[in-house]
$ cat entry37.txt   # compact mmCIF, C-alpha atoms
# COMPACT_ATOMS: atom_id res chain seq x y z
CA MET A 860 13.18 -25.39 -38.00
CA ALA A 861 11.06 -27.20 -40.48
CA GLY A 862 12.19 -28.06 -43.95
CA ASP A 863 15.29 -30.19 -43.72
CA THR A 864 13.76 -33.40 -42.59
CA GLN A 865 10.08 -32.51 -42.11
CA THR A 866 7.36 -31.31 -44.41
CA VAL A 867 5.31 -28.35 -43.26
CA SER A 868 2.35 -30.50 -42.33
CA GLU A 869 4.58 -32.85 -40.37
CA TYR A 870 6.00 -29.84 -38.60
CA ILE A 871 2.54 -28.62 -37.64
CA VAL A 872 1.31 -32.03 -36.55
CA HIS A 873 4.44 -32.48 -34.51
CA HIS A 874 3.78 -29.23 -32.73
CA LEU A 875 0.22 -30.20 -31.95
CA THR A 876 1.04 -33.58 -30.44
CA ASN A 877 1.28 -33.94 -26.70
CA LEU A 878 3.89 -35.94 -24.90
CA THR A 879 1.64 -38.81 -23.88
CA TYR A 880 2.25 -41.55 -21.37
CA GLY A 881 -0.38 -44.23 -21.41
CA LYS A 882 -1.43 -47.84 -21.60
CA LEU A 883 -1.37 -49.41 -25.04
CA PRO A 884 -3.93 -52.18 -25.52
CA GLU A 885 -3.01 -55.79 -26.02
CA GLY A 886 -1.99 -56.69 -29.56
CA PHE A 887 -1.15 -53.13 -30.65
CA GLU A 888 1.71 -52.95 -33.09
CA ARG A 889 4.09 -50.18 -32.18
CA TYR A 890 6.03 -47.92 -34.52
CA ASP A 891 9.08 -50.16 -34.40
CA GLY A 892 7.09 -53.29 -35.20
CA SER A 893 6.99 -54.71 -31.65
CA VAL A 894 3.61 -55.95 -30.46
CA ILE A 895 2.15 -55.21 -27.02
CA GLY A 896 1.81 -58.31 -24.92
CA ALA A 897 -1.09 -59.55 -22.83
CA GLY A 898 -2.73 -57.07 -20.44
CA GLY A 899 -1.42 -54.04 -22.30
CA GLN A 900 1.58 -51.96 -21.41
CA TRP A 901 2.25 -48.44 -20.03
CA VAL A 902 4.60 -46.66 -22.42
CA MET A 903 5.48 -43.24 -23.71
CA ALA A 904 3.44 -42.83 -26.91
CA HIS A 905 5.33 -42.43 -30.14
CA GLY A 906 3.17 -40.33 -32.40
CA GLY A 907 -0.52 -39.54 -32.56
CA ASP A 908 -1.63 -43.05 -33.58
CA GLU A 909 -0.27 -44.63 -30.45
CA ALA A 910 -1.65 -41.81 -28.31
CA SER A 911 -5.16 -42.26 -29.69
CA ALA A 912 -4.92 -46.03 -29.32
CA MET A 913 -4.33 -45.48 -25.60
CA GLY A 914 -7.81 -44.02 -25.23
CA PHE A 915 -8.65 -42.69 -21.80
CA ASN A 916 -5.80 -44.53 -20.07
CA ALA A 917 -3.22 -41.94 -20.93
CA ILE A 918 -1.87 -38.75 -19.50
CA HIS A 919 -0.40 -35.75 -21.27
CA VAL A 920 2.85 -35.44 -19.39
CA ASP A 921 3.81 -32.08 -20.87
CA SER A 922 0.43 -30.50 -20.13
CA MET A 923 0.47 -31.79 -16.57
CA ILE A 924 4.05 -30.66 -15.90
CA TRP A 925 3.47 -27.16 -17.22
CA SER A 926 0.05 -26.79 -15.69
CA VAL A 927 1.11 -27.98 -12.24
CA GLY A 928 4.40 -26.12 -12.51
CA LEU A 929 2.67 -22.86 -13.31
CA GLY A 930 0.17 -23.52 -10.53
CA VAL A 931 3.06 -24.00 -8.13
CA ILE A 932 4.62 -20.76 -9.38
CA PHE A 933 1.32 -19.01 -8.70
CA CYS A 934 1.10 -20.46 -5.18
CA TRP A 935 4.75 -19.67 -4.43
CA LEU A 936 4.46 -16.10 -5.69
CA PHE A 937 1.26 -15.29 -3.87
CA ARG A 938 2.21 -17.18 -0.72
CA GLY A 939 5.38 -15.08 -0.60
CA VAL A 940 3.33 -11.95 -0.97
CA ALA A 941 0.86 -13.14 1.66
CA LYS A 942 3.74 -13.60 4.10
CA LYS A 943 5.22 -10.20 3.31
CA ALA A 944 1.96 -8.28 3.15
CA GLU A 945 1.42 -5.87 6.02
CA ALA A 946 -0.34 -2.60 6.61
CA GLY A 947 2.72 -0.54 5.69
CA VAL A 948 3.62 0.86 2.30
CA PRO A 949 3.67 -2.00 -0.22
CA SER A 950 6.41 -2.12 -2.83
CA GLY A 951 7.46 -4.07 -5.88
CA VAL A 952 6.00 -7.50 -6.28
CA VAL A 953 3.76 -7.12 -3.22
CA ASN A 954 2.16 -4.08 -4.78
CA PHE A 955 1.71 -5.85 -8.09
CA CYS A 956 0.10 -8.92 -6.53
CA GLU A 957 -2.11 -6.83 -4.29
CA MET A 958 -3.31 -4.99 -7.36
CA ILE A 959 -4.38 -8.30 -8.89
CA VAL A 960 -6.00 -9.43 -5.64
CA ASP A 961 -7.84 -6.14 -5.35
CA PHE A 962 -8.99 -6.35 -8.96
CA VAL A 963 -10.28 -9.90 -8.48
CA ASP A 964 -11.89 -8.97 -5.18
CA ARG A 965 -13.75 -6.07 -6.77
CA THR A 966 -14.90 -8.20 -9.70
CA VAL A 967 -16.19 -10.86 -7.31
CA LYS A 968 -17.98 -8.30 -5.14
CA ASP A 969 -19.62 -6.73 -8.19
CA THR A 970 -20.95 -10.01 -9.48
CA PHE A 971 -21.33 -12.37 -6.56
CA HIS A 972 -23.62 -11.23 -3.80
CA GLY A 973 -23.81 -14.37 -1.69
CA ASN A 974 -21.68 -15.08 1.33
CA ASN A 975 -19.10 -17.61 0.26
CA LYS A 976 -15.47 -17.67 1.26
CA LEU A 977 -14.53 -19.94 -1.63
CA VAL A 978 -15.47 -17.83 -4.62
CA ALA A 979 -12.89 -15.06 -4.36
CA PRO A 980 -9.82 -17.31 -3.87
CA LEU A 981 -11.20 -19.57 -6.58
CA ALA A 982 -11.46 -16.62 -8.94
CA LEU A 983 -7.94 -15.49 -8.08
CA THR A 984 -6.54 -18.96 -8.67
CA ILE A 985 -8.34 -19.29 -11.99
CA PHE A 986 -7.35 -15.85 -13.20
CA VAL A 987 -3.65 -16.07 -12.41
CA TRP A 988 -3.26 -19.72 -13.25
CA VAL A 989 -5.06 -19.50 -16.59
CA PHE A 990 -3.16 -16.32 -17.37
CA LEU A 991 0.17 -18.04 -16.69
CA MET A 992 -0.82 -21.04 -18.79
CA ASN A 993 -1.89 -18.77 -21.63
CA LEU A 994 1.31 -16.78 -21.24
CA MET A 995 3.27 -19.84 -22.37
CA ASP A 996 1.82 -19.08 -25.78
CA LEU A 997 4.17 -16.11 -26.07
CA VAL A 998 7.26 -18.28 -25.72
CA PRO A 999 8.58 -18.77 -29.26
CA VAL A 1000 6.93 -21.94 -30.56
CA ASP A 1001 10.13 -23.82 -31.28
CA LEU A 1002 12.26 -22.74 -28.36
CA ILE A 1003 11.38 -25.31 -25.73
CA PRO A 1004 10.00 -28.15 -27.92
CA HIS A 1005 13.05 -28.10 -30.19
CA THR A 1006 15.48 -27.84 -27.30
CA LEU A 1007 13.79 -30.80 -25.64
CA MET A 1008 13.77 -32.69 -28.94
CA LEU A 1009 17.54 -32.29 -29.13
CA LEU A 1010 17.61 -33.69 -25.59
CA GLY A 1011 15.60 -36.70 -26.69
CA VAL A 1012 12.03 -35.75 -25.73
CA GLU A 1013 10.09 -36.25 -28.92
CA TYR A 1014 6.92 -34.28 -28.40
CA HIS A 1015 6.23 -31.27 -26.31
CA LYS A 1016 3.43 -28.72 -26.09
CA ILE A 1017 4.20 -26.01 -23.60
CA VAL A 1018 0.83 -24.23 -23.58
CA PRO A 1019 -1.37 -26.27 -21.25
CA SER A 1020 -4.48 -24.29 -22.17
CA THR A 1021 -4.27 -25.56 -25.76
CA ASP A 1022 -5.03 -28.99 -24.34
CA PRO A 1023 -8.80 -29.56 -23.97
CA ASN A 1024 -8.11 -31.87 -21.03
CA ILE A 1025 -6.72 -28.99 -19.06
CA THR A 1026 -9.43 -26.46 -19.85
CA MET A 1027 -12.23 -29.01 -19.51
CA GLY A 1028 -10.70 -30.25 -16.26
CA MET A 1029 -11.02 -26.79 -14.79
CA ALA A 1030 -14.46 -26.28 -16.31
CA LEU A 1031 -15.63 -29.58 -14.80
CA GLY A 1032 -14.26 -28.52 -11.44
CA VAL A 1033 -16.33 -25.36 -11.70
CA PHE A 1034 -19.32 -27.43 -12.84
CA ILE A 1035 -19.09 -29.68 -9.79
CA LEU A 1036 -18.98 -26.61 -7.57
CA MET A 1037 -22.04 -25.25 -9.39
CA LEU A 1038 -23.98 -28.44 -8.76
CA PHE A 1039 -22.79 -28.60 -5.15
CA TYR A 1040 -23.86 -25.07 -4.32
CA SER A 1041 -27.11 -25.33 -6.28
CA ILE A 1042 -28.14 -28.30 -4.18
CA LYS A 1043 -26.73 -26.88 -0.96
CA VAL A 1044 -28.35 -23.46 -1.28
CA LYS A 1045 -31.60 -24.29 -3.04
CA GLY A 1046 -32.12 -27.89 -1.93
CA PHE A 1047 -35.29 -29.15 -3.51
CA GLY A 1048 -35.69 -25.80 -5.26
CA PHE A 1049 -32.93 -26.88 -7.62
CA VAL A 1050 -35.06 -29.77 -8.84
CA LYS A 1051 -38.01 -27.43 -9.25
CA GLU A 1052 -35.81 -25.04 -11.18
CA LEU A 1053 -34.86 -27.84 -13.55
CA THR A 1054 -38.37 -29.21 -14.05
CA LEU A 1055 -40.80 -26.31 -13.77
CA ASN A 1056 -38.92 -23.72 -15.77
CA PRO A 1057 -39.74 -22.00 -18.09
CA PHE A 1058 -43.24 -23.63 -18.41
CA ASN A 1059 -44.74 -23.97 -14.98
CA HIS A 1060 -47.03 -26.96 -15.62
CA PRO A 1061 -46.60 -30.65 -14.73
CA LEU A 1062 -47.24 -31.66 -18.35
CA PHE A 1063 -44.18 -29.79 -19.50
CA ILE A 1064 -41.77 -31.42 -17.05
CA PRO A 1065 -39.92 -33.49 -19.68
CA ILE A 1066 -39.53 -30.53 -22.01
CA ASN A 1067 -38.43 -28.28 -19.17
CA LEU A 1068 -36.01 -30.88 -17.88
CA PHE A 1069 -34.47 -31.35 -21.31
CA MET A 1070 -34.05 -27.62 -21.88
CA GLU A 1071 -32.68 -26.88 -18.44
CA VAL A 1072 -30.24 -29.80 -18.46
CA VAL A 1073 -28.94 -28.77 -21.87
CA GLY A 1074 -28.58 -25.22 -20.58
CA LEU A 1075 -26.79 -26.45 -17.47
CA LEU A 1076 -24.41 -28.72 -19.38
CA ALA A 1077 -23.68 -25.99 -21.90
CA LYS A 1078 -22.09 -23.90 -19.17
CA PRO A 1079 -19.01 -26.02 -18.41
CA PHE A 1080 -18.59 -26.93 -22.06
CA SER A 1081 -18.70 -23.35 -23.25
CA LEU A 1082 -16.39 -22.37 -20.39
CA GLY A 1083 -13.76 -24.98 -21.17
CA LEU A 1084 -14.02 -25.01 -24.94
CA ARG A 1085 -13.93 -21.24 -25.28
CA LEU A 1086 -10.56 -21.05 -23.58
CA PHE A 1087 -9.29 -24.10 -25.45
CA GLY A 1088 -10.52 -22.80 -28.83
CA ASN A 1089 -9.01 -19.36 -28.42
CA MET A 1090 -5.66 -20.61 -27.25
CA TYR A 1091 -5.53 -23.41 -29.78
CA ALA A 1092 -6.26 -21.04 -32.62
CA GLY A 1093 -3.68 -18.58 -31.35
CA GLU A 1094 -1.06 -21.31 -31.03
CA MET A 1095 -1.94 -22.56 -34.49
CA ILE A 1096 -1.30 -19.14 -36.00
CA PHE A 1097 2.06 -18.92 -34.24
CA ILE A 1098 2.96 -22.32 -35.68
CA LEU A 1099 1.79 -21.36 -39.17
CA ILE A 1100 3.82 -18.16 -39.11
CA ALA A 1101 6.78 -20.14 -37.83
CA ALA A 1102 6.31 -22.54 -40.74
CA LEU A 1103 6.78 -19.57 -43.06
CA PHE A 1104 10.43 -19.45 -42.04
CA SER A 1105 10.93 -22.57 -44.13
CA ALA A 1106 9.61 -20.83 -47.23
CA GLY A 1107 12.93 -19.17 -48.01
CA VAL A 1108 15.13 -16.31 -46.94
CA ALA A 1109 12.79 -13.73 -48.50
CA TRP A 1110 10.09 -14.74 -45.99
CA MET A 1111 12.28 -14.33 -42.93
CA LEU A 1112 11.63 -10.65 -42.28
CA PRO A 1113 7.86 -10.64 -43.00
CA ALA A 1114 7.42 -13.78 -40.94
CA ALA A 1115 9.37 -12.27 -38.06
CA LEU A 1116 7.25 -9.12 -38.21
CA MET A 1117 4.10 -11.21 -38.29
CA GLN A 1118 5.27 -13.20 -35.26
CA VAL A 1119 5.85 -10.00 -33.34
CA GLY A 1120 2.53 -8.50 -34.46
CA TRP A 1121 0.56 -11.58 -33.57
CA ALA A 1122 2.36 -11.88 -30.23
CA ILE A 1123 1.47 -8.27 -29.37
CA PHE A 1124 -2.15 -8.91 -30.28
CA HIS A 1125 -2.06 -12.17 -28.37
CA VAL A 1126 -1.08 -10.38 -25.17
CA LEU A 1127 -4.60 -9.01 -25.25
CA VAL A 1128 -6.14 -12.39 -26.01
CA ILE A 1129 -4.43 -14.29 -23.22
CA THR A 1130 -5.37 -11.69 -20.62
CA LEU A 1131 -8.91 -11.42 -21.90
CA GLN A 1132 -9.42 -15.18 -21.96
CA ALA A 1133 -8.14 -15.54 -18.40
CA PHE A 1134 -10.45 -12.73 -17.34
CA ILE A 1135 -13.45 -14.26 -19.16
CA PHE A 1136 -12.84 -17.65 -17.58
CA MET A 1137 -12.74 -16.02 -14.16
CA VAL A 1138 -15.82 -13.84 -14.68
CA LEU A 1139 -17.90 -16.69 -16.09
CA THR A 1140 -16.93 -18.88 -13.14
CA ILE A 1141 -18.10 -16.17 -10.77
CA VAL A 1142 -21.31 -15.64 -12.74
CA TYR A 1143 -22.13 -19.36 -12.83
CA LEU A 1144 -21.48 -19.75 -9.11
CA SER A 1145 -23.53 -16.66 -8.43
CA MET A 1146 -26.41 -18.17 -10.44
CA ALA A 1147 -26.06 -21.36 -8.42
CA HIS A 1148 -26.54 -19.31 -5.25
CA GLU A 1149 -29.57 -17.33 -6.34
CA ASP A 1150 -33.14 -18.49 -6.32
CA HIS A 1151 -35.26 -17.48 -9.24
CA MET B 948 -6.94 -34.13 -29.03
CA ASN B 949 -7.82 -37.08 -26.86
CA ILE B 950 -9.73 -36.73 -23.65
CA ASN B 951 -7.87 -38.84 -21.12
CA LEU B 952 -6.57 -39.04 -17.57
CA THR B 953 -5.08 -35.57 -17.93
CA LEU B 954 -8.62 -34.31 -17.31
CA ILE B 955 -8.72 -35.98 -13.91
CA GLY B 956 -5.18 -34.89 -13.14
CA GLN B 957 -6.01 -31.30 -13.92
CA MET B 958 -9.12 -31.44 -11.74
CA ILE B 959 -7.10 -32.73 -8.81
CA ALA B 960 -4.44 -30.04 -9.35
CA PHE B 961 -7.19 -27.44 -9.63
CA VAL B 962 -8.71 -28.45 -6.31
CA CYS B 963 -5.30 -28.45 -4.62
CA PHE B 964 -4.37 -24.97 -5.83
CA VAL B 965 -7.76 -23.50 -5.00
CA VAL B 966 -7.65 -24.95 -1.50
CA PHE B 967 -4.10 -23.67 -1.02
CA CYS B 968 -5.11 -20.24 -2.24
CA MET B 969 -8.17 -20.22 0.00
CA LYS B 970 -6.23 -21.26 3.09
CA TYR B 971 -2.85 -19.60 2.79
CA VAL B 972 -3.00 -16.84 0.19
CA TRP B 973 -6.30 -15.02 0.18
CA PRO B 974 -6.91 -14.36 3.90
CA PRO B 975 -3.52 -12.82 4.82
CA ILE B 976 -3.38 -10.60 1.72
CA LEU B 977 -6.93 -9.39 2.21
CA ALA B 978 -6.36 -8.84 5.91
CA ALA B 979 -3.27 -6.77 5.19
CA MET B 980 -5.12 -4.75 2.59
CA ALA B 981 -8.06 -4.15 4.90
CA GLU B 982 -5.72 -3.06 7.67
CA ARG B 983 -3.93 -0.67 5.34
CA GLU B 984 -7.25 0.70 4.15
CA LYS B 985 -8.24 1.37 7.73
CA LYS B 986 -4.88 2.99 8.42
CA ILE B 987 -5.19 5.26 5.42
CA ALA B 988 -8.75 6.15 6.35
CA ASP B 989 -7.60 7.00 9.87
CA GLY B 990 -4.77 9.06 8.48
CA LEU B 991 -7.09 10.97 6.20
CA ALA B 992 -9.50 11.57 9.05
CA ALA B 993 -6.65 12.86 11.19
CA ALA B 994 -5.54 15.13 8.37
CA ASP B 995 -9.08 16.43 8.05
CA ARG B 996 -9.23 17.07 11.75
CA ALA B 997 -5.86 18.81 11.65
CA SER B 998 -6.89 21.07 8.81
CA HIS B 999 -10.10 21.87 10.65
CA ASP B 1000 -8.06 22.70 13.74
CA LEU B 1001 -5.80 24.86 11.62
CA GLU B 1002 -8.79 26.74 10.28
CA LEU B 1003 -10.08 27.29 13.78
CA ALA B 1004 -6.67 28.47 14.92
CA GLN B 1005 -6.45 30.85 12.00
CA GLU B 1006 -9.86 32.24 12.80
CA LYS B 1007 -8.84 32.64 16.38
CA ALA B 1008 -5.62 34.34 15.36
CA VAL B 1009 -7.49 36.80 13.15
CA GLU B 1010 -9.86 37.54 15.99
CA ARG B 1011 -6.96 38.05 18.38
CA MET B 1012 -5.31 40.35 15.87
CA LYS B 1013 -8.46 42.39 15.58
CA GLU B 1014 -8.74 42.62 19.35
CA ALA B 1015 -5.12 43.61 19.60
CA LYS B 1016 -5.62 46.32 17.00
CA VAL B 1017 -8.58 47.71 18.85
CA GLU B 1018 -6.67 47.60 22.09
CA ALA B 1019 -3.64 49.26 20.51
CA SER B 1020 -5.70 52.05 19.00
CA GLY B 1021 -7.34 52.51 22.38
CA ILE B 1022 -3.95 52.79 24.01
CA VAL B 1023 -2.76 55.28 21.40
CA ASP B 1024 -5.92 57.34 21.86
CA SER B 1025 -5.62 57.45 25.60
CA ALA B 1026 -1.94 58.25 25.30
CA ASN B 1027 -2.75 61.13 22.97
CA LYS B 1028 -5.40 62.32 25.33
CA ARG B 1029 -3.04 62.09 28.21
CA ALA B 1030 -0.37 64.00 26.31
CA ASN B 1031 -2.83 66.76 25.48
CA GLN B 1032 -3.89 66.82 29.07
CA ILE B 1033 -0.30 67.09 30.21
CA ILE B 1034 0.33 69.92 27.77
CA ASP B 1035 -2.80 71.72 28.93
CA GLU B 1036 -1.83 71.26 32.54
CA ALA B 1037 1.64 72.54 31.82
CA LYS B 1038 0.23 75.53 30.01
CA GLU B 1039 -2.06 76.32 32.87
CA ALA B 1040 0.70 75.91 35.39
CA ALA B 1041 2.89 78.21 33.33
CA HIS B 1042 0.15 80.78 33.17
CA VAL B 1043 -0.38 80.61 36.89
CA GLU B 1044 3.34 80.82 37.50
CA ALA B 1045 3.68 83.74 35.13
CA ASP B 1046 0.82 85.55 36.81
CA ARG B 1047 2.33 84.89 40.16
CA VAL B 1048 5.75 86.09 39.07
CA LYS B 1049 4.21 89.15 37.49
CA ALA B 1050 2.19 89.90 40.57
CA SER B 1051 5.16 89.52 42.88
CA ALA B 1052 7.26 91.67 40.55
CA GLN B 1053 4.60 94.33 40.50
CA ALA B 1054 4.33 94.21 44.25
CA GLU B 1055 8.05 94.53 44.60
CA ILE B 1056 8.11 97.39 42.14
CA GLU B 1057 5.36 99.12 44.04
CA GLN B 1058 7.12 98.50 47.30
CA GLU B 1059 10.36 99.75 45.85
CA THR B 1060 8.61 102.83 44.50
CA ASN B 1061 7.01 103.55 47.85
CA ARG B 1062 10.25 103.11 49.61
CA ALA B 1063 12.06 105.34 47.17
CA ARG B 1064 9.32 107.89 47.49
CA GLU B 1065 9.53 107.73 51.25
CA GLU B 1066 13.28 108.07 51.20
CA LEU B 1067 13.05 110.86 48.77
CA ARG B 1068 10.55 112.59 50.99
CA THR B 1069 12.78 112.21 54.01
CA GLN B 1070 15.76 113.47 52.10
CA VAL B 1071 13.75 116.34 50.68
CA ALA B 1072 12.67 117.26 54.21
CA ALA B 1073 16.24 117.08 55.42
CA LEU B 1074 17.44 119.07 52.44
CA SER B 1075 14.75 121.68 52.88
CA LEU B 1076 15.64 121.99 56.48
CA ALA B 1077 19.28 122.32 55.69
CA GLY B 1078 18.51 124.85 53.00
CA ALA B 1079 16.22 126.79 55.25
CA GLU B 1080 18.87 126.77 57.98
CA LYS B 1081 21.36 128.14 55.60
CA VAL B 1082 18.93 130.75 54.35
CA LEU B 1083 17.81 131.82 57.75
CA GLY B 1084 21.28 131.58 59.20
CA ALA B 1085 19.95 130.30 62.31
CA SER B 1086 19.09 126.97 63.53
CA ILE B 1087 15.69 125.90 63.37
CA ASP B 1088 14.04 124.29 66.11
CA HIS B 1089 13.45 120.88 64.79
CA ALA B 1090 10.57 120.29 67.01
CA ALA B 1091 8.97 123.61 66.30
CA HIS B 1092 9.34 123.39 62.58
CA ALA B 1093 8.81 119.74 62.10
CA GLN B 1094 5.17 120.39 61.30
CA LEU B 1095 6.10 122.82 58.63
CA VAL B 1096 8.70 120.64 57.10
CA ASP B 1097 6.44 117.67 56.99
CA LYS B 1098 3.84 119.71 55.24
CA LEU B 1099 6.41 120.75 52.73
CA ALA B 1100 7.57 117.21 52.23
CA GLU B 1101 4.04 116.11 51.63
CA GLU B 1102 3.57 118.70 48.97
CA LEU B 1103 6.55 117.42 47.05

$ encode --input "entry37.txt" --output "structure tokens"
Amino acid sequence: MAGDTQTVSEYIVHHLTNLTYGKLPEGFERYDGSVIGAGGQWVMAHGGDEASAMGFNAIHVDSMIWSVGLGVIFCWLFRGVAKKAEAGVPSGVVNFCEMIVDFVDRTVKDTFHGNNKLVAPLALTIFVWVFLMNLMDLVPVDLIPHTLMLLGVEYHKIVPSTDPNITMGMALGVFILMLFYSIKVKGFGFVKELTLNPFNHPLFIPINLFMEVVGLLAKPFSLGLRLFGNMYAGEMIFILIAALFSAGVAWMLPAALMQVGWAIFHVLVITLQAFIFMVLTIVYLSMAHEDH
Amino acid sequence: MNINLTLIGQMIAFVCFVVFCMKYVWPPILAAMAEREKKIADGLAAADRASHDLELAQEKAVERMKEAKVEASGIVDSANKRANQIIDEAKEAAHVEADRVKASAQAEIEQETNRAREELRTQVAALSLAGAEKVLGASIDHAAHAQLVDKLAEEL
């Protein structure tokens, strides 16, 4: 797809730019030379410069559409199964979904020993949803973005989990739950845990607090950035291999084989990353429930 | 790579999906699975019970068979005994009958012999008388000579 009108680096940058809708600040000069008037203006960003000028007041439309869409697919699929599920012999999609539910249930029971009705459905949601978002990585990189470009949508990233907003959004959700249950279960013990660990002496409170807070904050960041990093790198390699197609006819076959090889390997990665996200969520929540 | 409102949007979506899953997805699926598990466990227990019953029944059947065999051999034995007994009885009866027949035959023979002897004696007496009459040419006084004749007949 690249080559005719784009350089390879333009092609890659184009693939890594989200479709952004946001508020441009006052006085910003747009790509066509027009200047934003007083009070700023909500527009669809044209290129990375405009998107970064929007700052926090922007939303990645493509990420949100795919993420919510896949979440809805998850809910629809499993709600259908929940309606159909009965004690009789399960078949087809019911069987498949029950297998996933059973797998998640067993993982939760192995790791989480508290009594909490939220953790297992949370783990199921995370596992399936993240898996579906990662699965978008296996759609050929140019298929949907290029089709949409022909339809007039300039930028499009279809893998929501290559957007740090998405992964960090989920990680922050988990983090809030961690804090909530830490305080709910341990009460004042949570404060003690933060201040009197690992050195149990009043003099060490600042050091303890610093270490524990860093440790606590590292959890959501590692959770979100691990998924983001893995998926981003995987997507990047797909894009780079796709860029090889522009290197001439001789590269067509090797590039195609590499695409297939990387896709087969990536099947493992997307499943593993979804599983890791789920397991770490369970482990963190389990730590929030347990007193030291 | 900007952090922006998408973060908040994703958090809201996350909460919505988790709540939906917790309310409408997880409980019915798990309930169905638990119910099926119970059903299967019941079924297996019933199968166990049935196989146990089968074992018992087989044991019972073997026992019955053994009993029946013993009974049958008992019946055969007693039948044999009875048959032997019948044969013995028959033999004995035959012996007795034979003896009886023999005895009666002997008695008859004896009787017959006696009678023949008697007849012969009478005839001999008559003949002797007749002969003597002829020889003497005169009649003999039966009464007077009866003693003589009888003596003669006895000597025969």

$ atom_distance --input "entry37.txt" --atom1 "atom CA of Ile871 of chain A" --atom2 "atom CA of Ile895 of chain A"
28.6 Å

$ interface_residues --input "entry37.txt" --of "chain A" --to "chain B" --cutoff "6 Å" --atoms "only C-alpha atoms" --output "MDAnalysis selection string"
chainID A and resid 915 917:919 938 941 944:946 980:981 984 1024:1025 1028:1029 1032

$ residues_around --input "entry37.txt" --residues "segment 1094-1110 of chain A" --least-positions-apart "2" --cutoff "9 Å" --atoms "only C-alpha atoms" --output "JSON list (two decimals) with C-alpha atoms, keeping the file's coordinate frame"
[["chain", "number", "residue", "atom", "x", "y", "z"],
["A", 860, "MET", "CA", 13.18, -25.39, -38.00],
["A", 861, "ALA", "CA", 11.06, -27.20, -40.48],
["A", 862, "GLY", "CA", 12.19, -28.06, -43.95],
["A", 863, "ASP", "CA", 15.29, -30.19, -43.72],
["A", 867, "VAL", "CA", 5.31, -28.35, -43.26],
["A", 870, "TYR", "CA", 6.00, -29.84, -38.60],
["A", 871, "ILE", "CA", 2.54, -28.62, -37.64],
["A", 874, "HIS", "CA", 3.78, -29.23, -32.73],
["A", 875, "LEU", "CA", 0.22, -30.20, -31.95],
["A", 996, "ASP", "CA", 1.82, -19.08, -25.78],
["A", 997, "LEU", "CA", 4.17, -16.11, -26.07],
["A", 999, "PRO", "CA", 8.58, -18.77, -29.26],
["A", 1000, "VAL", "CA", 6.93, -21.94, -30.56],
["A", 1001, "ASP", "CA", 10.13, -23.82, -31.28],
["A", 1018, "VAL", "CA", 0.83, -24.23, -23.58],
["A", 1021, "THR", "CA", -4.27, -25.56, -25.76],
["A", 1089, "ASN", "CA", -9.01, -19.36, -28.42],
["A", 1090, "MET", "CA", -5.66, -20.61, -27.25],
["A", 1091, "TYR", "CA", -5.53, -23.41, -29.78],
["A", 1092, "ALA", "CA", -6.26, -21.04, -32.62],
["A", 1112, "LEU", "CA", 11.63, -10.65, -42.28],
["A", 1113, "PRO", "CA", 7.86, -10.64, -43.00],
["A", 1114, "ALA", "CA", 7.42, -13.78, -40.94],
["A", 1115, "ALA", "CA", 9.37, -12.27, -38.06],
["A", 1117, "MET", "CA", 4.10, -11.21, -38.29],
["A", 1118, "GLN", "CA", 5.27, -13.20, -35.26],
["A", 1121, "TRP", "CA", 0.56, -11.58, -33.57],
["A", 1122, "ALA", "CA", 2.36, -11.88, -30.23]]

$ atom_distance --input "entry37.txt" --atom1 "atom CA of Leu1099 of chain B" --atom2 "atom CA of Ile1056 of chain B"
25.7 Å

$ atom_distance --input "entry37.txt" --atom1 "atom CA of Met1008 of chain A" --atom2 "atom CA of Tyr890 of chain A"
18.0 Å

$ residues_around --input "entry37.txt" --residues "Leu929 of chain A" --least-positions-apart "2" --cutoff "10 Å" --atoms "only C-alpha atoms" --output "MDAnalysis selection string"
chainID A and resid 923:927 931:935 987:992 995 1019

$ closest_residue --input "entry37.txt" --among "A:Met913, A:Val1073, A:Ile1017, A:Val1119" --to "Pro1004 of chain A" --atoms "only C-alpha atoms"
A:Ile1017

$ residues_around --input "entry37.txt" --residues "Val1050 of chain A" --least-positions-apart "6" --cutoff "10 Å" --atoms "only C-alpha atoms" --output "list in words"
Ser1041, Ile1042, Asn1056 and Leu1068 of chain A

$ residues_around --input "entry37.txt" --residues "Val952 of chain A" --least-positions-apart "3" --cutoff "12 Å" --atoms "only C-alpha atoms" --output "number ranges by chain"
A: 936-941, 943-944, 949, 955-959

$ axis_aligned_box --input "entry37.txt" --around "segment 1054-1057 of chain B" --padding-each-side "8 Å" --output "JSON"
{"center_x": 6.2, "center_y": 96.7, "center_z": 43.4, "size_x": 19.8, "size_y": 20.9, "size_z": 18.5}

$ residues_near_point --input "entry37.txt" --point "(9.8, -28.5, -25.5)" --cutoff "10 Å" --atoms "only C-alpha atoms" --output "list in words"
His874, Leu878, Asp921, Val1000, Asp1001, Leu1002, Ile1003, Pro1004, His1005, Thr1006, Leu1007, Met1008, Leu1009, Leu1010, Val1012, Glu1013, Tyr1014, His1015, Lys1016 and Ile1017 of chain A

$ residues_around --input "entry37.txt" --residues "segment 885-889 of chain A" --least-positions-apart "3" --cutoff "12 Å" --atoms "all atoms listed in the file" --output "ChimeraX atom specification"
/A:882,892-913
